[in-house]
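**Student:** Below is the file target34.pdb, with PDB, C-alpha atoms.
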ATOM      1  CA  MET A   1     132.764  44.665  88.539
ATOM      2  CA  ASN A   2     134.489  42.973  91.487
ATOM      3  CA  ASP A   3     137.810  43.015  89.608
ATOM      4  CA  ALA A   4     137.713  46.768  88.878
ATOM      5  CA  ASN A   5     140.518  49.079  89.940
ATOM      6  CA  LEU A   6     138.732  51.177  92.577
ATOM      7  CA  ASP A   7     141.572  53.698  92.748
ATOM      8  CA  ARG A   8     140.791  54.468  89.131
ATOM      9  CA  ALA A   9     137.036  54.018  89.198
ATOM     10  CA  ILE A  10     136.027  56.135  92.187
ATOM     11  CA  PRO A  11     137.455  59.528  91.118
ATOM     12  CA  ALA A  12     136.348  58.947  87.516
ATOM     13  CA  ILE A  13     132.779  58.126  88.549
ATOM     14  CA  ALA A  14     132.622  61.081  90.944
ATOM     15  CA  ALA A  15     133.890  63.461  88.273
ATOM     16  CA  GLY A  16     131.354  62.077  85.796
ATOM     17  CA  ALA A  17     128.545  62.468  88.320
ATOM     18  CA  TYR A  18     129.160  65.912  89.765
ATOM     19  CA  ALA A  19     130.856  67.969  87.039
ATOM     20  CA  GLN A  20     128.585  70.797  85.876
ATOM     21  CA  ALA A  21     126.513  70.045  89.012
ATOM     22  CA  GLY A  22     125.258  66.923  87.257
ATOM     23  CA  GLU A  23     123.482  69.018  84.616
ATOM     24  CA  ASN A  24     124.950  66.887  81.894
ATOM     25  CA  CYS A  25     123.090  64.489  79.623
ATOM     26  CA  ILE A  26     125.867  61.875  79.855
ATOM     27  CA  GLY A  27     126.593  62.385  83.556
ATOM     28  CA  VAL A  28     126.603  59.419  85.933
ATOM     29  CA  GLN A  29     123.312  58.814  87.767
ATOM     30  CA  ARG A  30     123.032  55.084  88.536
ATOM     31  CA  ILE A  31     126.053  53.141  89.838
ATOM     32  CA  LEU A  32     125.782  49.347  89.804
ATOM     33  CA  VAL A  33     128.323  47.572  92.011
ATOM     34  CA  GLN A  34     128.956  43.837  92.250
ATOM     35  CA  ARG A  35     127.814  42.523  95.607
ATOM     36  CA  ASP A  36     131.137  41.279  96.988
ATOM     37  CA  VAL A  37     132.779  44.713  96.576
ATOM     38  CA  TYR A  38     129.702  46.827  97.271
ATOM     39  CA  ALA A  39     130.533  47.657 100.897
ATOM     40  CA  ALA A  40     134.128  48.606 100.093
ATOM     41  CA  PHE A  41     133.083  50.710  97.115
ATOM     42  CA  ARG A  42     130.332  52.460  99.080
ATOM     43  CA  GLU A  43     132.653  53.348 101.943
ATOM     44  CA  ARG A  44     135.364  54.733  99.691
ATOM     45  CA  PHE A  45     133.006  56.486  97.292
ATOM     46  CA  VAL A  46     131.037  58.210 100.067
ATOM     47  CA  ALA A  47     134.295  59.333 101.704
ATOM     48  CA  HIS A  48     135.485  60.752  98.372
ATOM     49  CA  VAL A  49     132.206  62.583  97.713
ATOM     50  CA  SER A  50     132.087  63.962 101.251
ATOM     51  CA  ARG A  51     135.391  65.722 100.608
ATOM     52  CA  LEU A  52     134.074  67.560  97.537
ATOM     53  CA  LYS A  53     133.411  71.259  97.998
ATOM     54  CA  ALA A  54     130.137  72.662  96.710
ATOM     55  CA  GLY A  55     129.593  76.341  96.080
ATOM     56  CA  TYR A  56     129.173  79.081  93.555
ATOM     57  CA  SER A  57     130.664  78.682  90.137
ATOM     58  CA  MET A  58     133.133  81.601  90.207
ATOM     59  CA  ASP A  59     134.970  80.127  93.230
ATOM     60  CA  ASN A  60     138.120  78.419  91.931
ATOM     61  CA  GLU A  61     138.156  76.068  94.931
ATOM     62  CA  VAL A  62     134.713  74.628  94.185
ATOM     63  CA  ASP A  63     134.345  71.025  92.935
ATOM     64  CA  VAL A  64     130.562  71.067  92.480
ATOM     65  CA  CYS A  65     129.167  74.305  91.133
ATOM     66  CA  ALA A  66     125.727  75.855  91.480
ATOM     67  CA  MET A  67     122.872  74.593  89.357
ATOM     68  CA  ILE A  68     121.534  76.677  86.496
ATOM     69  CA  THR A  69     118.582  78.046  88.491
ATOM     70  CA  GLU A  70     117.328  77.873  92.045
ATOM     71  CA  ARG A  71     114.117  76.299  90.757
ATOM     72  CA  GLU A  72     116.079  73.336  89.389
ATOM     73  CA  ALA A  73     117.969  73.012  92.672
ATOM     74  CA  GLN A  74     114.638  72.929  94.513
ATOM     75  CA  ARG A  75     113.405  70.195  92.173
ATOM     76  CA  VAL A  76     116.482  68.043  92.821
ATOM     77  CA  GLU A  77     116.055  68.563  96.566
ATOM     78  CA  GLU A  78     112.419  67.453  96.266
ATOM     79  CA  TRP A  79     113.417  64.329  94.304
ATOM     80  CA  ILE A  80     115.930  63.419  97.016
ATOM     81  CA  LYS A  81     113.315  63.887  99.747
ATOM     82  CA  GLU A  82     110.800  61.863  97.738
ATOM     83  CA  ALA A  83     113.254  58.968  97.359
ATOM     84  CA  VAL A  84     114.098  59.014 101.075
ATOM     85  CA  GLY A  85     110.384  59.111 101.902
ATOM     86  CA  GLN A  86     109.928  56.004  99.750
ATOM     87  CA  GLY A  87     112.662  54.110 101.602
ATOM     88  CA  ALA A  88     115.954  55.246 100.075
ATOM     89  CA  ARG A  89     118.917  55.934 102.337
ATOM     90  CA  LEU A  90     120.865  59.181 101.973
ATOM     91  CA  LEU A  91     124.580  58.445 102.465
ATOM     92  CA  ALA A  92     126.048  61.882 101.727
ATOM     93  CA  GLY A  93     125.077  65.414 100.765
ATOM     94  CA  GLY A  94     121.648  66.389  99.550
ATOM     95  CA  THR A  95     121.344  69.687 101.403
ATOM     96  CA  ARG A  96     120.615  72.855  99.441
ATOM     97  CA  GLN A  97     121.494  76.524  99.755
ATOM     98  CA  LYS A  98     119.749  78.560  97.057
ATOM     99  CA  SER A  99     120.974  77.087  93.757
ATOM    100  CA  VAL A 100     123.752  74.954  95.295
ATOM    101  CA  VAL A 101     122.994  71.283  96.025
ATOM    102  CA  TRP A 102     125.664  69.362  97.927
ATOM    103  CA  PRO A 103     126.691  66.222  96.024
ATOM    104  CA  ALA A 104     124.396  63.438  97.130
ATOM    105  CA  VAL A 105     124.701  59.649  97.279
ATOM    106  CA  LEU A 106     121.661  57.424  97.768
ATOM    107  CA  GLU A 107     121.139  53.696  98.129
ATOM    108  CA  HIS A 108     118.082  51.420  98.336
ATOM    109  CA  VAL A 109     116.219  53.673  95.900
ATOM    110  CA  PRO A 110     112.844  52.068  95.040
ATOM    111  CA  LYS A 111     112.158  51.236  91.403
ATOM    112  CA  GLN A 112     109.129  53.529  91.245
ATOM    113  CA  SER A 113     111.077  56.542  92.508
ATOM    114  CA  LYS A 114     111.761  59.370  90.043
ATOM    115  CA  MET A 115     115.380  59.135  91.132
ATOM    116  CA  ASN A 116     115.566  55.631  89.682
ATOM    117  CA  CYS A 117     113.552  55.863  86.473
ATOM    118  CA  GLU A 118     113.831  59.509  85.367
ATOM    119  CA  GLU A 119     116.792  61.743  84.512
ATOM    120  CA  VAL A 120     117.598  63.761  87.634
ATOM    121  CA  TYR A 121     119.963  66.163  85.848
ATOM    122  CA  GLY A 122     121.557  67.185  89.122
ATOM    123  CA  PRO A 123     124.407  66.263  91.504
ATOM    124  CA  VAL A 124     122.907  62.998  92.765
ATOM    125  CA  VAL A 125     123.833  59.339  92.258
ATOM    126  CA  SER A 126     122.196  56.128  93.421
ATOM    127  CA  LEU A 127     124.025  52.913  94.320
ATOM    128  CA  TYR A 128     122.704  49.462  93.455
ATOM    129  CA  GLU A 129     124.010  45.939  94.116
ATOM    130  CA  PHE A 130     124.110  43.148  91.549
ATOM    131  CA  ALA A 131     125.170  39.519  91.676
ATOM    132  CA  ASP A 132     126.681  38.948  88.225
ATOM    133  CA  LEU A 133     127.224  40.714  84.919
ATOM    134  CA  ASP A 134     124.001  39.431  83.344
ATOM    135  CA  GLU A 135     122.001  40.994  86.176
ATOM    136  CA  ALA A 136     123.988  44.234  85.871
ATOM    137  CA  ILE A 137     123.263  44.466  82.135
ATOM    138  CA  ALA A 138     119.561  43.842  82.747
ATOM    139  CA  LEU A 139     119.447  46.543  85.447
ATOM    140  CA  ALA A 140     121.361  48.990  83.277
ATOM    141  CA  ASN A 141     118.928  48.432  80.407
ATOM    142  CA  GLU A 142     115.798  49.082  82.522
ATOM    143  CA  PRO A 143     115.505  52.884  82.070
ATOM    144  CA  HIS A 144     113.742  54.349  79.054
ATOM    145  CA  TYR A 145     116.939  56.229  78.223
ATOM    146  CA  GLY A 146     120.052  54.893  76.521
ATOM    147  CA  LEU A 147     122.669  57.557  75.870
ATOM    148  CA  HIS A 148     125.945  56.413  77.506
ATOM    149  CA  ALA A 149     126.794  53.465  79.749
ATOM    150  CA  ALA A 150     130.129  52.491  81.295
ATOM    151  CA  ILE A 151     131.790  49.450  82.831
ATOM    152  CA  PHE A 152     134.816  49.276  85.102
ATOM    153  CA  THR A 153     136.594  45.925  84.833
ATOM    154  CA  GLU A 154     140.051  44.477  84.298
ATOM    155  CA  ARG A 155     138.660  41.599  82.195
ATOM    156  CA  ILE A 156     138.309  42.045  78.455
ATOM    157  CA  ASP A 157     135.598  39.353  78.258
ATOM    158  CA  HIS A 158     133.498  41.296  80.773
ATOM    159  CA  ALA A 159     133.981  44.432  78.703
ATOM    160  CA  PHE A 160     132.825  42.799  75.477
ATOM    161  CA  ARG A 161     129.848  41.096  77.129
ATOM    162  CA  ALA A 162     128.752  44.517  78.362
ATOM    163  CA  ILE A 163     129.347  46.078  74.945
ATOM    164  CA  ARG A 164     127.169  43.441  73.311
ATOM    165  CA  GLY A 165     124.451  43.519  75.965
ATOM    166  CA  LEU A 166     124.028  47.185  76.878
ATOM    167  CA  HIS A 167     121.393  49.043  74.868
ATOM    168  CA  ASN A 168     123.116  52.441  74.704
ATOM    169  CA  GLY A 169     124.550  54.727  72.091
ATOM    170  CA  ALA A 170     128.012  54.358  73.645
ATOM    171  CA  VAL A 171     129.704  52.029  76.126
ATOM    172  CA  ILE A 172     132.768  53.422  77.900
ATOM    173  CA  VAL A 173     135.229  50.926  79.375
ATOM    174  CA  ASN A 174     137.180  52.036  82.469
ATOM    175  CA  ASP A 175     136.021  55.639  82.397
ATOM    176  CA  SER A 176     132.744  57.294  83.317
ATOM    177  CA  THR A 177     129.721  57.785  81.088
ATOM    178  CA  ASP A 178     130.839  61.411  80.850
ATOM    179  CA  TYR A 179     133.699  60.545  78.474
ATOM    180  CA  ARG A 180     133.144  62.048  75.042
ATOM    181  CA  LEU A 181     135.138  63.494  72.120
ATOM    182  CA  ASP A 182     133.468  65.646  69.490
ATOM    183  CA  VAL A 183     134.787  63.372  66.734
ATOM    184  CA  MET A 184     132.828  60.439  68.166
ATOM    185  CA  PRO A 185     129.349  59.643  66.838
ATOM    186  CA  PHE A 186     127.169  60.930  69.692
ATOM    187  CA  GLY A 187     123.596  59.881  70.327
ATOM    188  CA  GLY A 188     121.472  57.323  72.072
ATOM    189  CA  THR A 189     118.761  54.689  71.949
ATOM    190  CA  LYS A 190     115.199  54.520  73.254
ATOM    191  CA  LEU A 191     114.065  57.957  74.548
ATOM    192  CA  SER A 192     117.597  59.317  74.192
ATOM    193  CA  GLY A 193     116.813  60.305  70.633
ATOM    194  CA  ILE A 194     117.585  59.328  67.068
ATOM    195  CA  GLY A 195     120.489  60.084  64.784
ATOM    196  CA  ARG A 196     124.059  60.953  65.697
ATOM    197  CA  GLN A 197     126.104  64.090  66.215
ATOM    198  CA  GLY A 198     129.831  64.211  65.523
ATOM    199  CA  ILE A 199     131.862  65.409  62.562
ATOM    200  CA  TRP A 200     131.504  62.368  60.305
ATOM    201  CA  SER A 201     127.931  61.691  61.413
ATOM    202  CA  MET A 202     126.884  65.263  60.649
ATOM    203  CA  MET A 203     128.580  65.112  57.251
ATOM    204  CA  GLN A 204     126.506  62.038  56.502
ATOM    205  CA  GLU A 205     123.319  63.757  57.740
ATOM    206  CA  MET A 206     123.938  66.725  55.437
ATOM    207  CA  THR A 207     124.905  64.593  52.443
ATOM    208  CA  GLU A 208     122.321  63.638  49.856
ATOM    209  CA  THR A 209     122.940  60.088  48.697
ATOM    210  CA  ARG A 210     122.587  59.635  44.941
ATOM    211  CA  VAL A 211     122.290  56.398  43.044
ATOM    212  CA  VAL A 212     123.681  56.101  39.505
ATOM    213  CA  CYS A 213     123.006  53.015  37.356
ATOM    214  CA  PHE A 214     124.641  52.049  34.062
ATOM    215  CA  ASN A 215     122.873  49.456  31.947
ATOM    216  CA  LEU A 216     125.753  47.907  29.967
TER
END
Take the structure in this file and express it as C-alpha coordinates.
**Tutor:**
Amino acid sequence: MNDANLDRAIPAIAAGAYAQAGENCIGVQRILVQRDVYAAFRERFVAHVSRLKAGYSMDNEVDVCAMITEREAQRVEEWIKEAVGQGARLLAGGTRQKSVVWPAVLEHVPKQSKMNCEEVYGPVVSLYEFADLDEAIALANEPHYGLHAAIFTERIDHAFRAIRGLHNGAVIVNDSTDYRLDVMPFGGTKLSGIGRQGIWSMMQEMTETRVVCFNL
(Lines of atoms letter the chains of each structure in order from A and count residues from 1; the text may use other names and numbers.)
(Lines give C-alpha, C1' and ligand atoms only; values in the text may rest on other atoms or scores of the structure.)
Protein backbone atom coordinates (compact mmCIF):
# COMPACT_ATOMS: atom_id res chain seq x y z
CA MET A 1 0.00 0.00 0.00
CA ASN A 2 1.06 3.64 -0.43
CA ASP A 3 1.46 4.00 3.34
CA ALA A 4 3.78 0.99 3.71
CA ASN A 5 7.21 1.29 5.28
CA LEU A 6 9.43 0.60 2.25
CA ASP A 7 12.55 0.27 4.39
CA ARG A 8 10.85 -2.71 5.99
CA ALA A 9 9.00 -4.05 2.97
CA ILE A 10 11.74 -4.20 0.35
CA PRO A 11 14.25 -6.48 2.13
CA ALA A 12 11.43 -8.68 3.45
CA ILE A 13 9.90 -9.12 -0.01
CA ALA A 14 13.29 -9.81 -1.60
CA ALA A 15 14.13 -12.41 1.04
CA GLY A 16 10.73 -14.05 0.54
CA ALA A 17 11.21 -14.10 -3.22
CA TYR A 18 14.77 -15.32 -3.62
CA ALA A 19 15.52 -17.54 -0.61
CA GLN A 20 16.03 -21.16 -1.70
CA ALA A 21 16.30 -19.75 -5.26
CA GLY A 22 12.54 -19.22 -5.18
CA GLU A 23 11.93 -22.97 -4.97
CA ASN A 24 9.51 -22.45 -2.15
CA CYS A 25 5.76 -22.98 -2.23
CA ILE A 26 5.11 -19.82 -0.17
CA GLY A 27 7.78 -17.69 -1.86
CA VAL A 28 6.88 -14.29 -3.30
CA GLN A 29 6.05 -14.29 -7.02
CA ARG A 30 3.61 -11.43 -7.71
CA ILE A 31 4.14 -8.00 -6.11
CA LEU A 32 1.22 -5.57 -6.30
CA VAL A 33 2.16 -1.94 -5.64
CA GLN A 34 -0.20 1.01 -5.28
CA ARG A 35 0.17 3.35 -8.23
CA ASP A 36 1.37 6.48 -6.45
CA VAL A 37 4.36 4.65 -4.90
CA TYR A 38 5.01 2.24 -7.76
CA ALA A 39 7.91 4.16 -9.32
CA ALA A 40 9.66 4.66 -5.98
CA PHE A 41 9.18 1.03 -4.99
CA ARG A 42 10.37 -0.25 -8.37
CA GLU A 43 13.53 1.86 -8.28
CA ARG A 44 14.46 0.82 -4.76
CA PHE A 45 13.48 -2.82 -5.17
CA VAL A 46 15.42 -3.26 -8.42
CA ALA A 47 18.48 -1.61 -6.84
CA HIS A 48 18.22 -3.98 -3.87
CA VAL A 49 17.85 -7.07 -6.06
CA SER A 50 20.72 -6.00 -8.32
CA ARG A 51 23.04 -6.09 -5.31
CA LEU A 52 22.19 -9.72 -4.48
CA LYS A 53 24.88 -12.26 -5.29
CA ALA A 54 23.86 -15.42 -7.10
CA GLY A 55 26.00 -18.53 -7.14
CA TYR A 56 26.48 -22.05 -5.94
CA SER A 57 24.97 -23.10 -2.67
CA MET A 58 28.18 -23.93 -0.76
CA ASP A 59 29.48 -20.35 -1.15
CA ASN A 60 28.83 -18.53 2.14
CA GLU A 61 28.73 -15.18 0.34
CA VAL A 62 25.85 -16.18 -1.93
CA ASP A 63 22.38 -14.62 -1.46
CA VAL A 64 20.59 -16.61 -4.17
CA CYS A 65 21.67 -20.22 -4.46
CA ALA A 66 21.56 -22.61 -7.39
CA MET A 67 18.31 -24.27 -8.36
CA ILE A 68 17.75 -27.95 -7.67
CA THR A 69 18.60 -29.04 -11.23
CA GLU A 70 19.86 -27.42 -14.39
CA ARG A 71 16.68 -28.54 -16.15
CA GLU A 72 14.59 -26.44 -13.75
CA ALA A 73 16.90 -23.46 -14.26
CA GLN A 74 16.44 -23.83 -18.03
CA ARG A 75 12.67 -23.89 -17.57
CA VAL A 76 12.71 -20.67 -15.53
CA GLU A 77 14.93 -19.04 -18.15
CA GLU A 78 12.44 -20.09 -20.85
CA TRP A 79 9.51 -18.66 -18.86
CA ILE A 80 11.34 -15.34 -18.52
CA LYS A 81 12.06 -15.24 -22.26
CA GLU A 82 8.45 -16.16 -23.02
CA ALA A 83 7.14 -13.32 -20.85
CA VAL A 84 9.52 -10.81 -22.45
CA GLY A 85 8.49 -12.06 -25.89
CA GLN A 86 4.87 -11.41 -24.94
CA GLY A 87 5.61 -7.82 -23.90
CA ALA A 88 6.99 -8.00 -20.37
CA ARG A 89 9.94 -5.83 -19.40
CA LEU A 90 12.94 -7.37 -17.64
CA LEU A 91 14.20 -4.92 -15.00
CA ALA A 92 16.94 -7.02 -13.39
CA GLY A 93 18.61 -10.41 -13.57
CA GLY A 94 17.25 -13.32 -15.55
CA THR A 95 20.54 -14.62 -16.92
CA ARG A 96 21.51 -18.23 -16.30
CA GLN A 97 24.74 -20.15 -15.80
CA LYS A 98 24.06 -23.88 -15.54
CA SER A 99 21.72 -24.25 -12.55
CA VAL A 100 22.13 -20.67 -11.29
CA VAL A 101 19.51 -18.09 -12.33
CA TRP A 102 20.23 -14.48 -11.38
CA PRO A 103 17.33 -13.00 -9.40
CA ALA A 104 14.93 -11.49 -11.89
CA VAL A 105 12.35 -8.70 -11.74
CA LEU A 106 9.72 -8.27 -14.44
CA GLU A 107 6.96 -5.76 -15.07
CA HIS A 108 4.13 -5.46 -17.61
CA VAL A 109 3.70 -9.25 -17.60
CA PRO A 110 0.66 -10.17 -19.75
CA LYS A 111 -2.19 -12.03 -18.07
CA GLN A 112 -1.85 -15.03 -20.37
CA SER A 113 1.85 -15.47 -19.60
CA LYS A 114 2.89 -18.52 -17.56
CA MET A 115 4.80 -16.10 -15.36
CA ASN A 116 1.53 -14.49 -14.32
CA CYS A 117 -0.86 -17.41 -13.96
CA GLU A 118 1.34 -20.40 -13.06
CA GLU A 119 3.75 -21.09 -10.20
CA VAL A 120 7.24 -20.28 -11.47
CA TYR A 121 9.03 -21.89 -8.51
CA GLY A 122 12.20 -19.97 -9.25
CA PRO A 123 13.98 -16.68 -8.45
CA VAL A 124 11.64 -14.40 -10.40
CA VAL A 125 9.07 -11.80 -9.36
CA SER A 126 6.65 -9.68 -11.36
CA LEU A 127 5.53 -6.15 -10.46
CA TYR A 128 1.99 -4.90 -10.97
CA GLU A 129 0.30 -1.54 -10.34
CA PHE A 130 -3.09 -1.10 -8.69
CA ALA A 131 -5.25 1.91 -7.92
CA ASP A 132 -6.89 0.97 -4.62
CA LEU A 133 -7.15 -1.91 -2.17
CA ASP A 134 -10.27 -3.40 -3.76
CA GLU A 135 -8.43 -3.71 -7.07
CA ALA A 136 -5.39 -5.19 -5.32
CA ILE A 137 -7.53 -7.85 -3.61
CA ALA A 138 -9.20 -8.73 -6.92
CA LEU A 139 -5.81 -9.04 -8.66
CA ALA A 140 -4.38 -11.11 -5.82
CA ASN A 141 -7.34 -13.49 -5.99
CA GLU A 142 -7.03 -14.10 -9.76
CA PRO A 143 -4.60 -17.08 -9.72
CA HIS A 144 -5.88 -20.62 -9.27
CA TYR A 145 -3.62 -20.94 -6.24
CA GLY A 146 -4.22 -19.63 -2.73
CA LEU A 147 -1.53 -20.65 -0.26
CA HIS A 148 -0.13 -17.45 1.33
CA ALA A 149 -0.74 -13.76 0.64
CA ALA A 150 0.76 -10.71 2.33
CA ILE A 151 0.04 -7.01 2.71
CA PHE A 152 2.39 -4.21 3.72
CA THR A 153 0.52 -1.29 5.29
CA GLU A 154 0.61 0.93 8.36
CA ARG A 155 -3.21 1.03 8.55
CA ILE A 156 -5.04 -1.60 10.55
CA ASP A 157 -8.25 -1.11 8.53
CA HIS A 158 -6.34 -1.90 5.33
CA ALA A 159 -4.95 -5.02 6.97
CA PHE A 160 -8.36 -6.31 8.03
CA ARG A 161 -9.96 -5.52 4.66
CA ALA A 162 -7.24 -7.62 3.04
CA ILE A 163 -7.68 -10.40 5.60
CA ARG A 164 -11.40 -10.54 4.87
CA GLY A 165 -11.04 -10.26 1.10
CA LEU A 166 -8.04 -12.41 0.20
CA HIS A 167 -8.85 -16.02 -0.66
CA ASN A 168 -5.72 -17.65 0.81
CA GLY A 169 -4.85 -20.08 3.54
CA ALA A 170 -2.85 -17.37 5.33
CA VAL A 171 -2.53 -13.59 5.15
CA ILE A 172 0.72 -12.13 6.49
CA VAL A 173 0.70 -8.48 7.54
CA ASN A 174 3.99 -6.56 7.20
CA ASP A 175 6.11 -9.56 6.32
CA SER A 176 6.46 -11.62 3.16
CA THR A 177 4.37 -14.60 2.13
CA ASP A 178 7.37 -16.70 3.16
CA TYR A 179 6.65 -16.21 6.88
CA ARG A 180 5.68 -19.48 8.53
CA LEU A 181 6.00 -21.27 11.89
CA ASP A 182 5.47 -25.01 12.17
CA VAL A 183 2.87 -24.48 14.91
CA MET A 184 0.67 -22.53 12.48
CA PRO A 185 -2.07 -24.32 10.54
CA PHE A 186 -0.50 -24.51 7.07
CA GLY A 187 -2.41 -25.03 3.85
CA GLY A 188 -4.23 -23.23 1.11
CA THR A 189 -7.36 -22.73 -0.96
CA LYS A 190 -8.26 -23.45 -4.58
CA LEU A 191 -5.51 -25.54 -6.27
CA SER A 192 -3.24 -25.09 -3.26
CA GLY A 193 -4.75 -28.18 -1.70
CA ILE A 194 -7.06 -29.25 1.09
CA GLY A 195 -6.53 -29.79 4.78
CA ARG A 196 -3.92 -28.25 7.05
CA GLN A 197 -0.49 -29.16 8.35
CA GLY A 198 0.78 -27.97 11.72
CA ILE A 199 0.91 -29.60 15.14
CA TRP A 200 -2.68 -29.01 16.23
CA SER A 201 -4.07 -29.50 12.73
CA MET A 202 -2.29 -32.84 12.36
CA MET A 203 -3.52 -33.96 15.78
CA GLN A 204 -7.04 -33.24 14.60
CA GLU A 205 -6.44 -35.11 11.32
CA MET A 206 -5.24 -38.19 13.21
CA THR A 207 -8.01 -38.05 15.81
CA GLU A 208 -11.17 -40.06 15.34
CA THR A 209 -14.15 -38.05 16.55
CA ARG A 210 -16.64 -40.09 18.56
CA VAL A 211 -20.16 -39.13 19.49
CA VAL A 212 -21.70 -40.36 22.75
CA CYS A 213 -25.40 -39.82 23.53
CA PHE A 214 -27.20 -40.35 26.84
CA ASN A 215 -30.98 -40.61 26.73
CA LEU A 216 -31.98 -39.42 30.23
**Student:** Which one is closest to Asn5 (chain A): A:Glu72, A:Gly94, A:Phe130, A:Ile151? Count all atoms listed in the file.
**Tutor:**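 Smallest separation from Asn5 (chain A) among the options: A:Ile151.
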**Student:** Starting from the PyMOL selection byres ((chain A and resi 168) around 12), expand the selection into actual residues of this file and give them as an MDAnalysis selection string.
**Tutor:** chainID A and resid 26 137 140:150 162:167 169:172 177 186:194
**Student:** Which is closer to Val183 (chain A) than all the others in A:Val124, A:Met58, A:Ala138, A:Met202, using all atoms listed in the file?
**Tutor:** A:Met202
**Student:** Could you jot down the CA of Val173 (chain A) to CA of Ala14 (chain A) separation for me, Å, one decimal place?
**Tutor:** 15.6 Å
**Student:** Can you measure CA of Glu208 (chain A) to CA of Pro185 (chain A) for me? One decimal in Å is fine.
**Tutor:**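 We find that CA of Glu208 (chain A) and CA of Pro185 (chain A) lie 18.8 Å from each other.
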**Student:** At a cut-off of 6 Å, using only C-alpha atoms, what residues contact region 104-119 of chain A? Leave out same-chain residues fewer than 5 positions from it and give the result as a list in words.
**Tutor:** Ala83, Ala88, Arg89, Leu90, Leu91, Ala92, Gly93, Gly94, Val124, Val125, Ser126, Leu127 and Pro143 of chain A
**Student:** Which residues are close to Asn174 (chain A), i.e. within 10 Å by all atoms listed in the file, leaving aside same-chain residues fewer than 6 positions away? Reply as a list of chain:residue names.
**Tutor:** A:Ala4, A:Asn5, A:Arg8, A:Ala9, A:Ala12, A:Ile13, A:Ala150, A:Ile151, A:Phe152, A:Thr153, A:Glu154, A:Ala159
